[in-house]
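Asker: File name structure36.pdb; file contents PDB, C-alpha atoms; full text below.
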MODEL        1
ATOM      1  CA  MET A 326     -81.934  -9.590  30.738
ATOM      2  CA  LYS A 327     -81.041  -5.949  30.440
ATOM      3  CA  THR A 328     -78.418  -4.613  28.000
ATOM      4  CA  PRO A 329     -76.130  -2.080  29.705
ATOM      5  CA  ASP A 330     -76.185   1.335  28.096
ATOM      6  CA  ALA A 331     -73.187   3.652  27.665
ATOM      7  CA  ASN A 332     -73.862   5.380  30.955
ATOM      8  CA  ASN A 333     -73.752   2.102  32.848
ATOM      9  CA  ALA A 334     -70.562   0.693  31.107
ATOM     10  CA  PRO A 335     -68.036  -0.783  33.509
ATOM     11  CA  ALA A 336     -65.228   1.540  34.614
ATOM     12  CA  SER A 337     -62.568  -0.910  33.358
ATOM     13  CA  ILE A 338     -63.886  -0.647  29.790
ATOM     14  CA  GLN A 339     -63.864   3.147  29.949
ATOM     15  CA  ARG A 340     -60.303   3.175  31.295
ATOM     16  CA  ARG A 341     -59.240   0.825  28.510
ATOM     17  CA  ARG A 342     -60.636   3.174  25.884
ATOM     18  CA  VAL A 343     -58.877   6.174  27.448
ATOM     19  CA  LEU A 344     -55.553   4.341  27.600
ATOM     20  CA  MET A 345     -55.897   3.192  24.000
ATOM     21  CA  GLY A 346     -56.561   6.757  22.936
ATOM     22  CA  LEU A 347     -53.557   8.066  24.851
ATOM     23  CA  GLY A 348     -51.377   5.323  23.397
ATOM     24  CA  ALA A 349     -52.367   6.180  19.853
ATOM     25  CA  ALA A 350     -51.710   9.859  20.462
ATOM     26  CA  GLY A 351     -48.340   9.106  22.044
ATOM     27  CA  ALA A 352     -47.337   6.906  19.132
ATOM     28  CA  ALA A 353     -48.243   9.661  16.701
ATOM     29  CA  LEU A 354     -46.200  12.192  18.664
ATOM     30  CA  ALA A 355     -43.248   9.812  18.926
ATOM     31  CA  GLY A 356     -43.392   9.095  15.203
ATOM     32  CA  SER A 357     -43.482  12.789  14.447
ATOM     33  CA  SER A 358     -40.525  13.449  16.758
ATOM     34  CA  LEU A 359     -38.527  10.527  15.342
ATOM     35  CA  SER A 360     -39.112  11.644  11.771
ATOM     36  CA  GLY A 361     -37.969  15.119  12.669
ATOM     37  CA  ASN A 362     -34.805  13.785  14.280
ATOM     38  CA  VAL A 363     -33.997  11.583  11.293
ATOM     39  CA  LEU A 364     -34.514  14.418   8.858
ATOM     40  CA  ALA A 365     -32.456  16.763  10.972
ATOM     41  CA  ALA A 366     -29.610  14.278  11.429
ATOM     42  CA  ALA A 367     -29.349  13.225   7.799
ATOM     43  CA  PRO A 368     -27.273  16.211   6.632
ATOM     44  CA  ALA A 369     -24.833  15.777   9.538
ATOM     45  CA  GLN A 370     -24.309  12.101   8.696
ATOM     46  CA  VAL A 371     -23.531  12.964   5.091
ATOM     47  CA  THR A 372     -21.031  15.679   5.971
ATOM     48  CA  GLU A 373     -19.214  13.429   8.443
ATOM     49  CA  ALA A 374     -18.803  10.569   5.975
ATOM     50  CA  PRO A 375     -15.228   9.949   4.719
ATOM     51  CA  ASN A 376     -14.616  11.813   1.494
ATOM     52  CA  SER A 377     -11.011  10.813   0.720
ATOM     53  CA  ASP A 378      -9.992   8.011  -1.626
ATOM     54  CA  LYS A 379      -6.779   6.377  -0.456
ATOM     55  CA  THR A 380      -6.312   4.726  -3.841
ATOM     56  CA  GLU A 381      -5.475   8.172  -5.222
ATOM     57  CA  ASP A 382      -2.552   8.687  -2.802
ATOM     58  CA  ARG A 383       0.453   9.384  -5.006
ATOM     59  CA  ASN A 384       4.226   9.592  -4.466
ATOM     60  CA  ALA A 385       6.525  11.562  -6.754
ATOM     61  CA  PHE A 386       8.554   9.368  -9.091
ATOM     62  CA  HIS A 387      11.323  11.920  -9.673
ATOM     63  CA  GLY A 388      13.351  13.269  -6.774
ATOM     64  CA  LEU A 389      16.775  13.625  -5.195
ATOM     65  CA  HIS A 390      16.658  10.033  -3.913
ATOM     66  CA  GLN A 391      14.730   6.905  -4.742
ATOM     67  CA  THR A 392      11.291   6.745  -3.213
ATOM     68  CA  GLY A 393      10.232   4.055  -0.754
ATOM     69  CA  ILE A 394      13.142   4.459   1.684
ATOM     70  CA  VAL A 395      12.220   7.313   4.026
ATOM     71  CA  ASN A 396       8.481   7.228   3.322
ATOM     72  CA  PRO A 397       6.043   6.469   6.180
ATOM     73  CA  ARG A 398       5.544   2.783   6.901
ATOM     74  CA  PRO A 399       3.238   1.194   4.285
ATOM     75  CA  ALA A 400       0.331  -1.116   5.009
ATOM     76  CA  ALA A 401       1.513  -3.713   2.472
ATOM     77  CA  GLY A 402       5.018  -4.538   1.292
ATOM     78  CA  MET A 403       6.695  -7.039  -1.003
ATOM     79  CA  PHE A 404      10.322  -7.807  -1.827
ATOM     80  CA  VAL A 405      11.166  -9.620  -5.047
ATOM     81  CA  ALA A 406      14.619 -10.760  -6.175
ATOM     82  CA  PHE A 407      15.352 -11.417  -9.841
ATOM     83  CA  ASP A 408      17.969 -13.134 -11.953
ATOM     84  CA  VAL A 409      18.959 -10.900 -14.865
ATOM     85  CA  LEU A 410      18.757 -12.711 -18.214
ATOM     86  CA  ALA A 411      20.313  -9.929 -20.305
ATOM     87  CA  ALA A 412      22.950 -11.205 -22.716
ATOM     88  CA  ASP A 413      25.027  -8.018 -22.922
ATOM     89  CA  ARG A 414      25.207  -4.393 -21.825
ATOM     90  CA  GLU A 415      22.775  -3.339 -24.540
ATOM     91  CA  ASP A 416      20.155  -5.687 -23.118
ATOM     92  CA  LEU A 417      20.940  -4.468 -19.610
ATOM     93  CA  GLU A 418      20.379  -0.864 -20.683
ATOM     94  CA  ARG A 419      17.052  -1.843 -22.248
ATOM     95  CA  LEU A 420      16.085  -3.524 -18.974
ATOM     96  CA  PHE A 421      16.687  -0.422 -16.869
ATOM     97  CA  ARG A 422      15.067   1.932 -19.368
ATOM     98  CA  THR A 423      11.940  -0.226 -19.463
ATOM     99  CA  LEU A 424      11.922  -0.474 -15.670
ATOM    100  CA  ASN A 425      12.122   3.308 -15.474
ATOM    101  CA  GLU A 426       9.141   3.731 -17.821
ATOM    102  CA  ARG A 427       6.943   1.143 -16.110
ATOM    103  CA  ILE A 428       7.674   2.357 -12.579
ATOM    104  CA  ALA A 429       6.899   5.944 -13.577
ATOM    105  CA  PHE A 430       3.505   4.866 -14.953
ATOM    106  CA  LEU A 431       2.610   2.563 -12.058
ATOM    107  CA  MET A 432       3.390   5.182  -9.418
ATOM    108  CA  THR A 433       1.509   7.898 -11.308
ATOM    109  CA  GLY A 434      -1.485   5.831 -12.432
ATOM    110  CA  GLY A 435      -3.753   6.273 -15.406
ATOM    111  CA  PRO A 436      -6.008   4.430 -17.857
ATOM    112  CA  VAL A 437      -4.775   1.230 -19.462
ATOM    113  CA  PRO A 438      -4.278   1.765 -23.233
ATOM    114  CA  ASP A 439      -6.784   0.013 -25.478
ATOM    115  CA  VAL A 440      -5.518  -2.641 -27.872
ATOM    116  CA  ASP A 441      -7.032  -4.811 -30.553
ATOM    117  CA  PRO A 442      -9.503  -7.099 -28.714
ATOM    118  CA  LYS A 443      -8.052 -10.044 -30.642
ATOM    119  CA  LEU A 444      -4.698  -9.476 -28.909
ATOM    120  CA  PRO A 445      -3.776 -10.209 -25.275
ATOM    121  CA  PRO A 446      -4.524  -7.250 -22.953
ATOM    122  CA  LEU A 447      -1.667  -4.983 -21.904
ATOM    123  CA  ASP A 448      -2.643  -5.144 -18.235
ATOM    124  CA  SER A 449      -3.559  -7.919 -15.810
ATOM    125  CA  GLY A 450      -6.797  -6.105 -14.932
ATOM    126  CA  ILE A 451      -6.360  -6.524 -11.168
ATOM    127  CA  LEU A 452      -7.051  -2.833 -10.558
ATOM    128  CA  GLY A 453      -9.606  -2.388 -13.333
ATOM    129  CA  PRO A 454      -9.422  -0.297 -16.520
ATOM    130  CA  VAL A 455      -7.745   2.594 -14.672
ATOM    131  CA  VAL A 456      -4.572   1.997 -12.664
ATOM    132  CA  THR A 457      -4.718   3.907  -9.370
ATOM    133  CA  PRO A 458      -1.423   4.864  -7.666
ATOM    134  CA  ASP A 459      -2.600   3.695  -4.209
ATOM    135  CA  ASN A 460       0.440   5.226  -2.467
ATOM    136  CA  LEU A 461       2.691   2.866  -4.435
ATOM    137  CA  THR A 462       6.469   3.140  -4.165
ATOM    138  CA  ILE A 463       8.875   0.951  -6.133
ATOM    139  CA  THR A 464      12.517   0.852  -5.058
ATOM    140  CA  VAL A 465      15.160  -0.828  -7.225
ATOM    141  CA  SER A 466      18.463  -2.152  -5.893
ATOM    142  CA  VAL A 467      21.281  -4.087  -7.518
ATOM    143  CA  GLY A 468      22.958  -7.172  -6.120
ATOM    144  CA  GLU A 469      26.645  -7.975  -5.869
ATOM    145  CA  SER A 470      26.339 -10.569  -8.620
ATOM    146  CA  LEU A 471      25.325  -7.942 -11.211
ATOM    147  CA  PHE A 472      28.905  -6.641 -11.141
ATOM    148  CA  ASP A 473      30.517  -9.863 -12.344
ATOM    149  CA  GLU A 474      32.178 -10.300 -15.740
ATOM    150  CA  ARG A 475      28.909 -10.540 -17.731
ATOM    151  CA  PHE A 476      28.456  -6.808 -18.284
ATOM    152  CA  GLY A 477      31.905  -5.394 -17.571
ATOM    153  CA  LEU A 478      30.750  -3.511 -14.464
ATOM    154  CA  THR A 479      33.436  -4.738 -12.075
ATOM    155  CA  GLU A 480      35.200  -1.367 -11.993
ATOM    156  CA  VAL A 481      32.079   0.508 -10.890
ATOM    157  CA  LYS A 482      30.989  -1.897  -8.167
ATOM    158  CA  PRO A 483      30.322  -0.124  -4.832
ATOM    159  CA  LYS A 484      33.099  -0.916  -2.369
ATOM    160  CA  ARG A 485      30.720  -1.760   0.471
ATOM    161  CA  LEU A 486      28.426  -3.967  -1.606
ATOM    162  CA  SER A 487      29.112  -7.595  -0.735
ATOM    163  CA  ARG A 488      27.343 -10.907  -0.995
ATOM    164  CA  MET A 489      25.316 -11.722   2.122
ATOM    165  CA  VAL A 490      26.841 -14.446   4.265
ATOM    166  CA  GLY A 491      25.170 -16.884   6.623
ATOM    167  CA  PHE A 492      25.207 -16.573  10.394
ATOM    168  CA  PRO A 493      25.718 -19.400  12.926
ATOM    169  CA  ASN A 494      22.772 -21.823  13.004
ATOM    170  CA  ASP A 495      21.342 -20.462   9.745
ATOM    171  CA  ALA A 496      19.816 -23.019   7.396
ATOM    172  CA  LEU A 497      19.647 -20.906   4.263
ATOM    173  CA  GLU A 498      18.074 -22.186   1.069
ATOM    174  CA  PRO A 499      20.203 -21.162  -1.935
ATOM    175  CA  ALA A 500      17.133 -20.681  -4.137
ATOM    176  CA  SER A 501      15.764 -18.136  -1.652
ATOM    177  CA  CYS A 502      18.942 -16.074  -1.322
ATOM    178  CA  HIS A 503      20.709 -13.371  -3.311
ATOM    179  CA  GLY A 504      19.711 -12.069  -6.733
ATOM    180  CA  ASP A 505      21.071  -9.795  -9.464
ATOM    181  CA  LEU A 506      18.286  -7.278  -8.944
ATOM    182  CA  SER A 507      15.892  -6.646  -6.055
ATOM    183  CA  ILE A 508      12.724  -4.577  -6.138
ATOM    184  CA  GLN A 509      10.717  -3.396  -3.136
ATOM    185  CA  PHE A 510       7.004  -2.731  -3.675
ATOM    186  CA  CYS A 511       5.029  -0.807  -1.037
ATOM    187  CA  ALA A 512       1.410   0.394  -1.207
ATOM    188  CA  ASN A 513      -1.831   0.800   0.700
ATOM    189  CA  THR A 514      -2.998  -2.627  -0.484
ATOM    190  CA  ALA A 515      -1.372  -5.910  -1.482
ATOM    191  CA  ASP A 516      -3.351  -5.853  -4.753
ATOM    192  CA  SER A 517      -1.391  -2.820  -5.957
ATOM    193  CA  ASN A 518       1.922  -4.546  -5.211
ATOM    194  CA  ILE A 519       0.948  -7.716  -7.070
ATOM    195  CA  HIS A 520      -0.371  -5.648  -9.979
ATOM    196  CA  ALA A 521       2.938  -3.758 -10.218
ATOM    197  CA  LEU A 522       4.972  -6.975 -10.093
ATOM    198  CA  ARG A 523       2.891  -8.568 -12.841
ATOM    199  CA  ASP A 524       3.246  -5.470 -14.985
ATOM    200  CA  ILE A 525       7.041  -5.494 -14.712
ATOM    201  CA  VAL A 526       7.328  -9.234 -15.357
ATOM    202  CA  LYS A 527       4.981  -8.960 -18.351
ATOM    203  CA  ASN A 528       7.017  -6.152 -19.909
ATOM    204  CA  LEU A 529      10.418  -7.783 -19.301
ATOM    205  CA  PRO A 530       9.859 -11.514 -19.902
ATOM    206  CA  ASP A 531      13.186 -12.006 -21.700
ATOM    207  CA  LEU A 532      15.281  -9.967 -19.268
ATOM    208  CA  LEU A 533      14.072 -10.799 -15.747
ATOM    209  CA  LEU A 534      13.283 -14.059 -13.956
ATOM    210  CA  VAL A 535      11.776 -14.070 -10.459
ATOM    211  CA  ARG A 536      14.146 -15.783  -8.030
ATOM    212  CA  TRP A 537      12.243 -15.377  -4.739
ATOM    213  CA  LYS A 538       9.457 -13.265  -3.280
ATOM    214  CA  GLN A 539       8.463 -12.260   0.252
ATOM    215  CA  GLU A 540       5.276 -10.377   1.196
ATOM    216  CA  GLY A 541       4.181  -8.735   4.429
ATOM    217  CA  THR A 542       1.452  -6.533   5.860
ATOM    218  CA  VAL A 543       1.074  -4.373   8.936
ATOM    219  CA  PRO A 544      -2.041  -2.662  10.314
ATOM    220  CA  PRO A 545      -1.999   1.057   9.484
ATOM    221  CA  GLN A 546      -1.688   3.258  12.552
ATOM    222  CA  ALA A 547      -2.689   6.898  12.825
ATOM    223  CA  PRO A 548      -0.232   9.379  14.362
ATOM    224  CA  LYS A 549      -0.808  10.060  18.054
ATOM    225  CA  LYS A 550      -0.607  13.817  17.431
ATOM    226  CA  PRO A 551      -0.557  15.944  14.261
ATOM    227  CA  GLY A 552       2.923  15.834  12.777
ATOM    228  CA  GLN A 553       4.051  13.028  15.070
ATOM    229  CA  PRO A 554       5.080   9.725  13.447
ATOM    230  CA  PRO A 555       2.983   6.644  14.287
ATOM    231  CA  GLU A 556       4.195   4.153  16.845
ATOM    232  CA  SER A 557       6.213   1.188  15.643
ATOM    233  CA  ALA A 558       3.975  -1.722  14.734
ATOM    234  CA  ARG A 559       3.655  -4.919  16.736
ATOM    235  CA  ASN A 560       4.621  -8.195  15.082
ATOM    236  CA  PHE A 561       2.768 -11.484  15.477
ATOM    237  CA  LEU A 562       4.617 -12.173  18.730
ATOM    238  CA  GLY A 563       3.414  -8.891  20.207
ATOM    239  CA  PHE A 564       6.786  -7.130  20.080
ATOM    240  CA  ARG A 565       7.254  -3.734  18.482
ATOM    241  CA  ASP A 566       9.335  -3.746  15.291
ATOM    242  CA  GLY A 567      11.466  -0.790  14.290
ATOM    243  CA  SER A 568      11.347   1.116  17.562
ATOM    244  CA  ALA A 569      15.147   1.581  17.488
ATOM    245  CA  ASN A 570      15.323   2.662  13.840
ATOM    246  CA  PRO A 571      16.895   6.060  13.117
ATOM    247  CA  ASP A 572      14.534   8.945  12.450
ATOM    248  CA  SER A 573      13.903   8.913   8.697
ATOM    249  CA  ASN A 574      12.684  12.513   8.863
ATOM    250  CA  ASN A 575      16.100  13.693  10.067
ATOM    251  CA  ARG A 576      17.996  14.663   6.921
ATOM    252  CA  LYS A 577      21.365  14.880   8.685
ATOM    253  CA  THR A 578      20.982  11.384  10.112
ATOM    254  CA  MET A 579      19.915   9.949   6.758
ATOM    255  CA  ASN A 580      22.891  11.567   5.009
ATOM    256  CA  GLU A 581      25.218   9.985   7.561
ATOM    257  CA  LEU A 582      23.690   6.507   7.674
ATOM    258  CA  VAL A 583      21.751   5.880   4.457
ATOM    259  CA  TRP A 584      22.600   8.092   1.498
ATOM    260  CA  VAL A 585      25.967   7.892  -0.265
ATOM    261  CA  GLN A 586      27.397  11.410  -0.388
ATOM    262  CA  PRO A 587      29.148  13.047  -3.366
ATOM    263  CA  GLY A 588      32.908  13.002  -2.961
ATOM    264  CA  SER A 589      32.946   9.758  -0.978
ATOM    265  CA  ASP A 590      35.071   6.763  -1.910
ATOM    266  CA  GLU A 591      32.085   5.088  -3.581
ATOM    267  CA  PRO A 592      31.438   5.307  -7.350
ATOM    268  CA  ALA A 593      29.867   8.592  -8.438
ATOM    269  CA  TRP A 594      26.749   6.852  -9.800
ATOM    270  CA  ALA A 595      25.883   5.592  -6.300
ATOM    271  CA  ALA A 596      25.575   9.106  -4.814
TER
ENDMDL
END
How does this structure look as structure tokens?
Answerer:
Amino acid sequence: MKTPDANNAPASIQRRRVLMGLGAAGAALAGSSLSGNVLAAAPAQVTEAPNSDKTEDRNAFHGLHQTGIVNPRPAAGMFVAFDVLAADREDLERLFRTLNERIAFLMTGGPVPDVDPKLPPLDSGILGPVVTPDNLTITVSVGESLFDERFGLTEVKPKRLSRMVGFPNDALEPASCHGDLSIQFCANTADSNIHALRDIVKNLPDLLLVRWKQEGTVPPQAPKKPGQPPESARNFLGFRDGSANPDSNNRKTMNELVWVQPGSDEPAWAA
């Protein structure tokens, strides 16, 4: 039996070797091209990555009007009503001064002060050792019941402030209605709202008692065009909420419909 030499090798074997060689060369070229593309694309991917931290969004605490009323729609909101436990006007003043201090800190953000490790911490720790503002706004409002005989404020009660009444077919729960004081919390995340509520309750345990709380969220929507407000959000039934609201960017409209003006028949403190 003869052994075939290289010159007499079948054509199929030779073709197989050629194809294998071409395949190896093609793989090497493809690998080289792919590596080049990856290396070339890497800088572009880095530059296009988001570089803004929404937790650092900050609203000014001081201003002509309270914040949280004409601001753009937040992603997370919470309303909390409180019963005021203050015994006299001195306690009531301490309540509002403390509220002012805590709201200013929460909206500005900053590190949580260190305390003796043997003592309870000053902060709940929800946001970590540094409180980030996270676009937080805190809006305080007073209820009709705060102007009763407890604090001698009857004479300075706003004329148009009245206790909410029920409508036909309402089945209102008394424990979930009214309140001496109401606070609206709005932020980019629900965590920031809960953190702010806990901070206020922790710092005013003898002056405020939570009566009821209602939370809500809405998907954030980008403006359709630069400078154009976003569309009104859809609720869980698919309908748009707020589409008939007045334009909060129109100062004249807000002065007519929302803000109490100096010289009106309302108490001066309300303007």
Asker: Determine the residue membership of the PyMOL selection byres ((chain A and resi 386) around 8) for the file above and supply it as a ChimeraX atom specification.
Answerer: /A:384-385,387-388,391-392,428-429,432-433
Asker: Evaluated on this file, the PyMOL selection byres ((chain A and resi 390) around 12) picks out some residues - which ones are they, written as a VMD selection string?
Answerer: chain A and resid 385 to 389 391 to 396 464 to 465 576 579 to 580 583 to 586 595 to 596
Asker: Rank A:Asp413, A:Asp505, A:Glu426, A:Glu381 by their smallest atom-to-atom distance to Asn528 (chain A), using all atoms listed in the file, and report the top residue only.
Answerer: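 Between A:Asp413, A:Asp505, A:Glu426, A:Glu381, the residue approaching Asn528 (chain A) most closely is A:Glu426.
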Asker: Report, in Å with one decimal, the straight-line distance from CA of Gly541 (chain A) to CA of Ile451 (chain A).
Answerer: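 Separation of CA of Gly541 (chain A) and CA of Ile451 (chain A): 19.0 Å.
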Asker: I want to know what sits within 9 Å of region 478-481 of chain A, based on all atoms listed in the file, with residues of the same chain fewer than 3 positions away left out; could you give that as a ChimeraX atom specification?
Answerer: /A:471-475,484,591-594
Asker: Select, from A:Phe561, A:Trp537, A:Phe430, A:Phe492, the residue with the minimum atom-to-atom distance to Leu506 (chain A), counting only C-alpha atoms.
Answerer: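 When distances to Leu506 (chain A) are compared using only C-alpha atoms, the smallest one comes from A:Trp537.
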Asker: For Phe404 (chain A), please output as number ranges by chain all residues within 6 Å (counting only C-alpha atoms; exclusion window: fewer than 6 positions along the same chain).
Answerer: A: 508-509, 538-539
Asker: Using C-alpha atoms, can you export the residues from the last selection as a PDB file, in the coordinates of the input?
Answerer:
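This is the output file result-v3.pdb:
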ATOM      1  CA  ILE A 508      12.724  -4.577  -6.138  1.00  0.00           C
ATOM      2  CA  GLN A 509      10.717  -3.396  -3.136  1.00  0.00           C
ATOM      3  CA  LYS A 538       9.457 -13.265  -3.280  1.00  0.00           C
ATOM      4  CA  GLN A 539       8.463 -12.260   0.252  1.00  0.00           C
TER       5      GLN A 539
END
Asker: Taking the file as I've supplied it (selection: the PyMOL selection byres ((chain A and resi 452) around 12)), which residues are included? Please answer as a PyMOL selection string.
Answerer: chain A and resi 380+431+434-437+448-451+453-459+514-521+523-524
Asker: Counting all atoms listed in the file, which of A:Arg485, A:Arg559, A:Lys443, A:His503 gets nearest to Ala406 (chain A)?
Answerer: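 Looking at the shortest contact to Ala406 (chain A), the residue is A:His503.
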Asker: Which polymer residues have any atom within 9 Å of an atom of Arg488 (chain A), counting all atoms listed in the file, with same-chain residues fewer than 4 positions away left out, as a PyMOL selection string?
Answerer: chain A and resi 468-470+503
Asker: Rounded to one decimal in Å, what is the spacing between CA of Cys502 (chain A) and CA of Arg422 (chain A)?
Answerer: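 It comes out at 25.8 Å.
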Asker: So how far away is CA of Gly491 (chain A) from CA of Pro571 (chain A), in Å?
Answerer: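 One can read the CA of Pro571 (chain A) to CA of Gly491 (chain A) distance as 25.2 Å.
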Asker: Kindly extract all protein, DNA and RNA residues lying within 9 Å of the coordinates (6.4, 0.1, 6.2) given in the file, considering all atoms listed in the file, and supply them as a list in words.
Answerer: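 Answer for this query, in the requested form: Gly393, Asn396, Pro397, Arg398, Pro399, Ala400, Ala401, Gly402, Cys511, Ala512, Thr542 and Val543 of chain A.
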Asker: Using only C-alpha atoms, which of the listed residues (A:Asp531, A:Asn460, A:Phe564, A:Asp572) sits closest to Lys379 (chain A)?
Answerer: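 The closest residue to Lys379 (chain A) is A:Asn460.
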Asker: Go through A:Thr423, A:Ser557, A:Ser573, A:Ser501 one by one, measure the shortest atom-to-atom distance of each to Ile525 (chain A) using all atoms listed in the file, and give the residue with the smallest value.
Answerer: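 When distances to Ile525 (chain A) are compared using all atoms listed in the file, the smallest one comes from A:Thr423.
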Asker: Generate the coordinates of N, CA and C atoms for region 455-467 of chain A; report them as a short mmCIF file (atom, residue, chain, number, x, y, z; two decimals), in the frame of the given file.
Answerer:
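Contents of selection-v1.cif, as written:
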data_model
loop_
_atom_site.label_atom_id
_atom_site.label_comp_id
_atom_site.auth_asym_id
_atom_site.auth_seq_id
_atom_site.Cartn_x
_atom_site.Cartn_y
_atom_site.Cartn_z
N VAL A 455 -8.57 1.44 -15.04
CA VAL A 455 -7.74 2.59 -14.67
C VAL A 455 -6.84 2.19 -13.51
N VAL A 456 -5.54 2.34 -13.71
CA VAL A 456 -4.57 2.00 -12.66
C VAL A 456 -4.49 3.15 -11.67
N THR A 457 -4.80 2.88 -10.41
CA THR A 457 -4.72 3.91 -9.37
C THR A 457 -3.37 3.79 -8.66
N PRO A 458 -2.75 4.92 -8.29
CA PRO A 458 -1.42 4.86 -7.67
C PRO A 458 -1.41 4.20 -6.30
N ASP A 459 -2.44 4.40 -5.49
CA ASP A 459 -2.60 3.70 -4.21
C ASP A 459 -1.38 3.82 -3.30
N ASN A 460 -0.72 4.98 -3.33
CA ASN A 460 0.44 5.23 -2.47
C ASN A 460 1.61 4.30 -2.79
N LEU A 461 1.67 3.83 -4.02
CA LEU A 461 2.69 2.87 -4.43
C LEU A 461 4.08 3.51 -4.49
N THR A 462 5.06 2.80 -3.96
CA THR A 462 6.47 3.14 -4.16
C THR A 462 7.18 1.89 -4.65
N ILE A 463 8.10 2.06 -5.59
CA ILE A 463 8.88 0.95 -6.13
C ILE A 463 10.35 1.34 -6.05
N THR A 464 11.11 0.55 -5.31
CA THR A 464 12.52 0.85 -5.06
C THR A 464 13.38 -0.25 -5.67
N VAL A 465 14.31 0.13 -6.51
CA VAL A 465 15.16 -0.83 -7.22
C VAL A 465 16.55 -0.84 -6.60
N SER A 466 17.09 -2.03 -6.39
CA SER A 466 18.46 -2.15 -5.89
C SER A 466 19.18 -3.24 -6.68
N VAL A 467 20.49 -3.12 -6.76
CA VAL A 467 21.28 -4.09 -7.52
C VAL A 467 22.06 -4.97 -6.55
#
